[in-house]
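> One structure follows; several queries about it will come next.
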Amino acid sequence: MWLGLRAILIKDIVVELRARQALPTMVVLGMLIVFILRIASESAAAGGGAPVMGAAALWIAFLFSGLLAQERSFAAEQHNGCMDGLLLAPLDAGTIYLAKLLANIILLTIFEAVVVPLVLIAFHLHVAGWGRLVTVLLLGNLGISSVGTLFSAAVQLTRTRGALLSIVVLVLLMPMMIPASFALLVLFGALPERMVGSGSFAFVGSFPAAVAYMLAFDAVFTVASWLLFGVVVEE
Amino acid sequence: MRRLLLALAFLLLIASTLIGLTRGQIDPLQRNILYVHVPNSVCALLCFVVVLVTSVGYLATGKQTWDLAATAAAEAGFVFATILNATGMIFSRAEWNVWWTPSPRLVTSAILWFLYAVYLILRVSLPGAQRRAARLCAVFGIVAFLDVPLVYISARFIPDIHRPNFSFDSTWQTAALMLGMAGTILLAAGLIWLRTSLLRDTLKLEQELLR
C-alpha cells in the first residue's frame, strides 16, 4: 500500500511541476479574489459595516454565478460538432456572439432578481432609488457577460476550463468593480452622492461618474468582443 | 548586436547606480529606491504596448515571429511589473509603514501585474494547434491593453497617497534617474529580442526532432 501511495503521490506532484497548469491558476485566482474584496470594501474609503459587506457580497455573487452561466454557454456546443455547425451556418461570427451574450444576460438577470432581494434582506439595506439600482445592476450584468462570453469560447478546449475562465474574466473586470461598488455604496447610503477630496486625498467620485464609467466599460468591451469573436472561434 | 545592446544597458545601469549611491543620493534613504522603481514602471507599461503591437501584427499577418515576440514582451513585462510592485511595497513599508494599501497607483500597478500573470498562464494552458493558441493569446493581449486606460480611470474612485511627481534637488539625481531609465529600456529591448530568437530556435529544434 505504501509503495502505491508513494508512487501516485510522486507522480501527481511531478506532473503538476512539469505541466504547471493547476497551481499558478489556483494562486492567481486566490490573489484576485482577495484583491477584489479588498478594493470593493475600500472604494472611496467608506467605513465598514453592512453596506460595504452587502455591496462586496453582491458583486462577488454576480461574478461567480455569471462565470457558471458563461462557462456552459459554449460547453454545450462541444458535443456532436455543434460548434462546427454554427460556424458553417451563413452567419456572421458577431451574430453568434450577440445571441450567446443575450442568453447569458437573461440568465444573469433572472439570477439577480432572486439574489438582490436576498442581499438587501440579509444585510438590512435600504435602497435610495430602485430605478438607479436596476440601472447599476444591469450595467454590471452587461460588463460581466460581455467579457465572459468572449473568453468562454476561447477556453473550451483547455484542461482547467472553469478556473482559467475565472482568472481571465476577473482580471479584466477588476477596473469595473471599483466604480460598481462605489455606485452601490452610494445607493445603500454609505457614501454621499458626490465626494470631492482635497490635498493628498484628492479623488473625484460621484454617482453619475460611476454610472458613466460603467457605461463606457460596457461599450468598449461589448464592441471589442463582438469584433474579436470571429478570431477566437475560427479554426 | 544583441550583446552590444545588453552590454550598453548594463553599463548605463551601473552608472546610474554609482551616481545614485554617491552624489545623487536622496534623503531619506528609502527614497533612493525610485532609481529602480520608476524605470521599471515605465518599462512595464512599454512592454504592454509591445504586446499590443505584436498581437495586432500577428492577427493581421499570421506570421509566427509576431506571436513569439508577443510572448517575449509579456514575459519581460511580467518581470518588470514584479519588480515595480516589489520595490513599491518596500518603499511603501518604509515611507508609510504599510506594505500595501488601496491607492490608485498601487491598485493600477497590481492590476498590471495580474494582467501579465493571466496572459502567461493562458499561454501555457491553451492546448492543441499552435496557431489557435497564438490567436487566443493575441485576442487576450488586445483586450487586456484596452483594459489599461480603464484601469487608470477607475482608480479615481479611490483616495490617493502615492506621490506622482518627484522634484529633484540636483542635476546628479536627474542624471541617475535618466541613466537608469535609458538602461532599463535598453535592457527591456535586449531581453525581448533575445527571448524571441530563443523561442524561435526552440520551435525550430522541436520541428527538426519531430521529423
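In the C-alpha cells, chains take the letters A, B, ... in the order shown, each chain's residues start at 1, and ligands count up from 1 in the order shown.
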Any idea what's packed within 10 Å of Gln21 (chain A), counting only C-alpha atoms, ignoring anything in its chain fewer than 2 positions away? Could you give it as an MDAnalysis selection string?

(chainID A and resid 15:19 23:26 158:160 164) or (chainID B and resid 121:122 124:126)

> Hey, could you make a per-residue contact list for chain B against chain A with 10 Å as the cut-off, showing the nearest pair of atoms and its distance in Å to one decimal, counting only C-alpha atoms, sorted by chain and number, as a Markdown table?


```
| residue | atom | partner | partner_atom | distance |
| --- | --- | --- | --- | --- |
| B:Leu59 | CA | A:Val231 | CA | 8.1 |
| B:Thr101 | CA | A:Arg38 | CA | 9.2 |
| B:Pro102 | CA | A:Ile39 | CA | 6.6 |
| B:Ser103 | CA | A:Ile39 | CA | 9.4 |
| B:Pro104 | CA | A:Phe203 | CA | 9.3 |
| B:Val107 | CA | A:Ile39 | CA | 8.3 |
| B:Thr108 | CA | A:Pro175 | CA | 8.6 |
| B:Ala110 | CA | A:Phe35 | CA | 9.0 |
| B:Ile111 | CA | A:Val171 | CA | 7.1 |
| B:Leu112 | CA | A:Val171 | CA | 9.3 |
| B:Trp113 | CA | A:Val171 | CA | 9.9 |
| B:Phe114 | CA | A:Val171 | CA | 6.6 |
| B:Leu115 | CA | A:Val171 | CA | 6.4 |
| B:Tyr116 | CA | A:Val171 | CA | 9.9 |
| B:Ala117 | CA | A:Val28 | CA | 7.6 |
| B:Val118 | CA | A:Val168 | CA | 6.3 |
| B:Tyr119 | CA | A:Val168 | CA | 8.2 |
| B:Leu120 | CA | A:Pro24 | CA | 9.7 |
| B:Ile121 | CA | A:Thr25 | CA | 6.9 |
| B:Leu122 | CA | A:Leu164 | CA | 7.4 |
| B:Val124 | CA | A:Gln21 | CA | 7.4 |
| B:Ser125 | CA | A:Gln21 | CA | 6.3 |
| B:Leu126 | CA | A:Thr158 | CA | 5.7 |
| B:Pro127 | CA | A:Thr158 | CA | 6.1 |
| B:Gly128 | CA | A:Leu157 | CA | 8.1 |
| B:Ala129 | CA | A:Glu235 | CA | 9.3 |
| B:Arg131 | CA | A:Glu235 | CA | 9.0 |
| B:Arg132 | CA | A:Glu235 | CA | 7.0 |
| B:Ala133 | CA | A:Ala154 | CA | 8.9 |
| B:Arg135 | CA | A:Val232 | CA | 6.8 |
| B:Leu136 | CA | A:Val232 | CA | 5.8 |
| B:Cys137 | CA | A:Ala154 | CA | 9.4 |
| B:Ala138 | CA | A:Val231 | CA | 9.4 |
| B:Val139 | CA | A:Leu228 | CA | 6.9 |
| B:Phe140 | CA | A:Val168 | CA | 8.5 |
| B:Ile142 | CA | A:Ala224 | CA | 9.1 |
| B:Val143 | CA | A:Ala224 | CA | 7.3 |
| B:Ala144 | CA | A:Leu172 | CA | 6.7 |
| B:Phe145 | CA | A:Leu172 | CA | 9.8 |
| B:Leu146 | CA | A:Val220 | CA | 7.9 |
| B:Asp147 | CA | A:Leu172 | CA | 6.5 |
| B:Val148 | CA | A:Pro175 | CA | 8.9 |
| B:Pro149 | CA | A:Pro175 | CA | 9.5 |
| B:Leu150 | CA | A:Pro175 | CA | 6.3 |
| B:Val151 | CA | A:Pro175 | CA | 4.9 |
| B:Tyr152 | CA | A:Pro175 | CA | 8.2 |
| B:Ile153 | CA | A:Tyr213 | CA | 8.2 |
| B:Ser154 | CA | A:Pro175 | CA | 5.6 |
| B:Ala155 | CA | A:Ile178 | CA | 7.5 |
| B:Arg156 | CA | A:Phe203 | CA | 5.5 |
| B:Phe157 | CA | A:Gly205 | CA | 5.2 |
| B:Ile158 | CA | A:Ala44 | CA | 4.8 |
| B:Pro159 | CA | A:Phe201 | CA | 5.1 |
| B:Asp160 | CA | A:Phe201 | CA | 5.1 |
| B:Ile161 | CA | A:Ser200 | CA | 5.9 |
| B:His162 | CA | A:Ser200 | CA | 8.2 |
| B:Arg163 | CA | A:Ser200 | CA | 8.3 |
```

> How many Å separate CA of Tyr97 (chain A) from CA of Leu68 (chain B)?

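Separating CA of Tyr97 (chain A) from CA of Leu68 (chain B) is a distance of 28.5 Å.
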
> Given the choices A:Leu142, A:Leu88, A:Leu133, A:Ala190, which gets closest to Ala103 (chain A) if the distance is worked out from only C-alpha atoms?

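For Ala103 (chain A), the nearest of the candidates is A:Leu142.
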
> Quick one: pull the distance between CA of Val98 (chain B) and CA of Asn32 (chain B), Å, one decimal.

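About the pair CA of Val98 (chain B) and CA of Asn32 (chain B): they are 18.1 Å apart.
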
> Work out how far apart CA of Val50 (chain B) and CA of Ile192 (chain B) are and give it in Å to one decimal.

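Straight-line distance from CA of Val50 (chain B) to CA of Ile192 (chain B) works out to 9.5 Å.
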
> If we count only C-alpha atoms, what is near Asp169 (chain B) at a cut-off of 9 Å, once residues fewer than 4 positions away on the same chain are taken out, given as a list in words?

Ile26, Gln173 and Thr174 of chain B

> Just the residues within 10 Å of region 110-114 of chain A, please, counting only C-alpha atoms, with nothing from its chain fewer than 5 positions along; format it as a PyMOL selection string.

chain A and resi 58+61-62+65-66+105+119+134+137-138+141

> So which residues touch Phe80 (chain B) within 8 Å, counting only C-alpha atoms, skipping near sequence neighbours fewer than 3 positions away, as a VMD selection string?

chain B and resid 40 to 41 43 to 44 76 to 77 83 to 84

> Give me a file of those residues, with all heavy atoms, as a PDB file, in the first residue's frame.


```
ATOM      1  N   ASN B  40      11.494  50.846 -13.957  1.00  0.00           N
ATOM      2  CA  ASN B  40      10.806  49.577 -14.111  1.00  0.00           C
ATOM      3  C   ASN B  40       9.321  49.767 -14.391  1.00  0.00           C
ATOM      4  O   ASN B  40       8.728  49.004 -15.148  1.00  0.00           O
ATOM      5  CB  ASN B  40      10.992  48.711 -12.871  1.00  0.00           C
ATOM      6  CG  ASN B  40      12.226  47.866 -12.992  1.00  0.00           C
ATOM      7  OD1 ASN B  40      12.224  46.871 -13.691  1.00  0.00           O
ATOM      8  ND2 ASN B  40      13.297  48.292 -12.353  1.00  0.00           N
ATOM      9  N   SER B  41       8.711  50.799 -13.775  1.00  0.00           N
ATOM     10  CA  SER B  41       7.282  51.008 -14.031  1.00  0.00           C
ATOM     11  C   SER B  41       7.074  51.478 -15.466  1.00  0.00           C
ATOM     12  O   SER B  41       6.115  51.073 -16.126  1.00  0.00           O
ATOM     13  CB  SER B  41       6.699  52.004 -13.029  1.00  0.00           C
ATOM     14  OG  SER B  41       7.342  53.244 -13.151  1.00  0.00           O
ATOM     15  N   CYS B  43       8.978  50.677 -18.001  1.00  0.00           N
ATOM     16  CA  CYS B  43       9.179  49.518 -18.873  1.00  0.00           C
ATOM     17  C   CYS B  43       8.016  48.547 -18.808  1.00  0.00           C
ATOM     18  O   CYS B  43       7.653  47.922 -19.810  1.00  0.00           O
ATOM     19  CB  CYS B  43      10.472  48.806 -18.523  1.00  0.00           C
ATOM     20  SG  CYS B  43      11.866  49.644 -19.241  1.00  0.00           S
ATOM     21  N   ALA B  44       7.407  48.403 -17.633  1.00  0.00           N
ATOM     22  CA  ALA B  44       6.252  47.503 -17.519  1.00  0.00           C
ATOM     23  C   ALA B  44       5.138  47.970 -18.444  1.00  0.00           C
ATOM     24  O   ALA B  44       4.486  47.163 -19.115  1.00  0.00           O
ATOM     25  CB  ALA B  44       5.763  47.458 -16.067  1.00  0.00           C
ATOM     26  N   ALA B  76       8.905  39.563 -20.376  1.00  0.00           N
ATOM     27  CA  ALA B  76       9.720  40.674 -19.878  1.00  0.00           C
ATOM     28  C   ALA B  76       8.859  41.612 -19.042  1.00  0.00           C
ATOM     29  O   ALA B  76       9.249  42.036 -17.948  1.00  0.00           O
ATOM     30  CB  ALA B  76      10.357  41.425 -21.041  1.00  0.00           C
ATOM     31  N   GLY B  77       7.648  41.906 -19.546  1.00  0.00           N
ATOM     32  CA  GLY B  77       6.745  42.800 -18.832  1.00  0.00           C
ATOM     33  C   GLY B  77       6.388  42.269 -17.461  1.00  0.00           C
ATOM     34  O   GLY B  77       6.269  43.028 -16.501  1.00  0.00           O
ATOM     35  N   ILE B  83       9.030  43.569 -10.377  1.00  0.00           N
ATOM     36  CA  ILE B  83       9.996  44.454  -9.703  1.00  0.00           C
ATOM     37  C   ILE B  83       9.301  45.756  -9.298  1.00  0.00           C
ATOM     38  O   ILE B  83       9.506  46.267  -8.195  1.00  0.00           O
ATOM     39  CB  ILE B  83      11.205  44.735 -10.618  1.00  0.00           C
ATOM     40  CG1 ILE B  83      11.926  43.426 -10.938  1.00  0.00           C
ATOM     41  CG2 ILE B  83      12.152  45.732  -9.962  1.00  0.00           C
ATOM     42  CD1 ILE B  83      13.049  43.577 -11.923  1.00  0.00           C
ATOM     43  N   LEU B  84       8.455  46.277 -10.193  1.00  0.00           N
ATOM     44  CA  LEU B  84       7.717  47.514  -9.893  1.00  0.00           C
ATOM     45  C   LEU B  84       6.925  47.372  -8.593  1.00  0.00           C
ATOM     46  O   LEU B  84       7.002  48.221  -7.701  1.00  0.00           O
ATOM     47  CB  LEU B  84       6.775  47.820 -11.067  1.00  0.00           C
ATOM     48  CG  LEU B  84       5.509  48.642 -10.804  1.00  0.00           C
ATOM     49  CD1 LEU B  84       5.861  50.069 -10.456  1.00  0.00           C
ATOM     50  CD2 LEU B  84       4.611  48.623 -12.027  1.00  0.00           C
TER      51      LEU B  84
END
```

> Write down as a VMD selection string the residues belonging to chain A that are assigned alpha helix (DSSP H) by DSSP computed on the backbone.

chain A and resid 2 to 19 22 to 42 50 to 75 82 to 88 93 to 122 130 to 155 161 to 187 207 to 233

> Here is a test: counting only C-alpha atoms, which residue of A:Leu187, A:Leu139, A:Met53, A:Ala89 is nearest to Ala122 (chain A)?

A:Met53
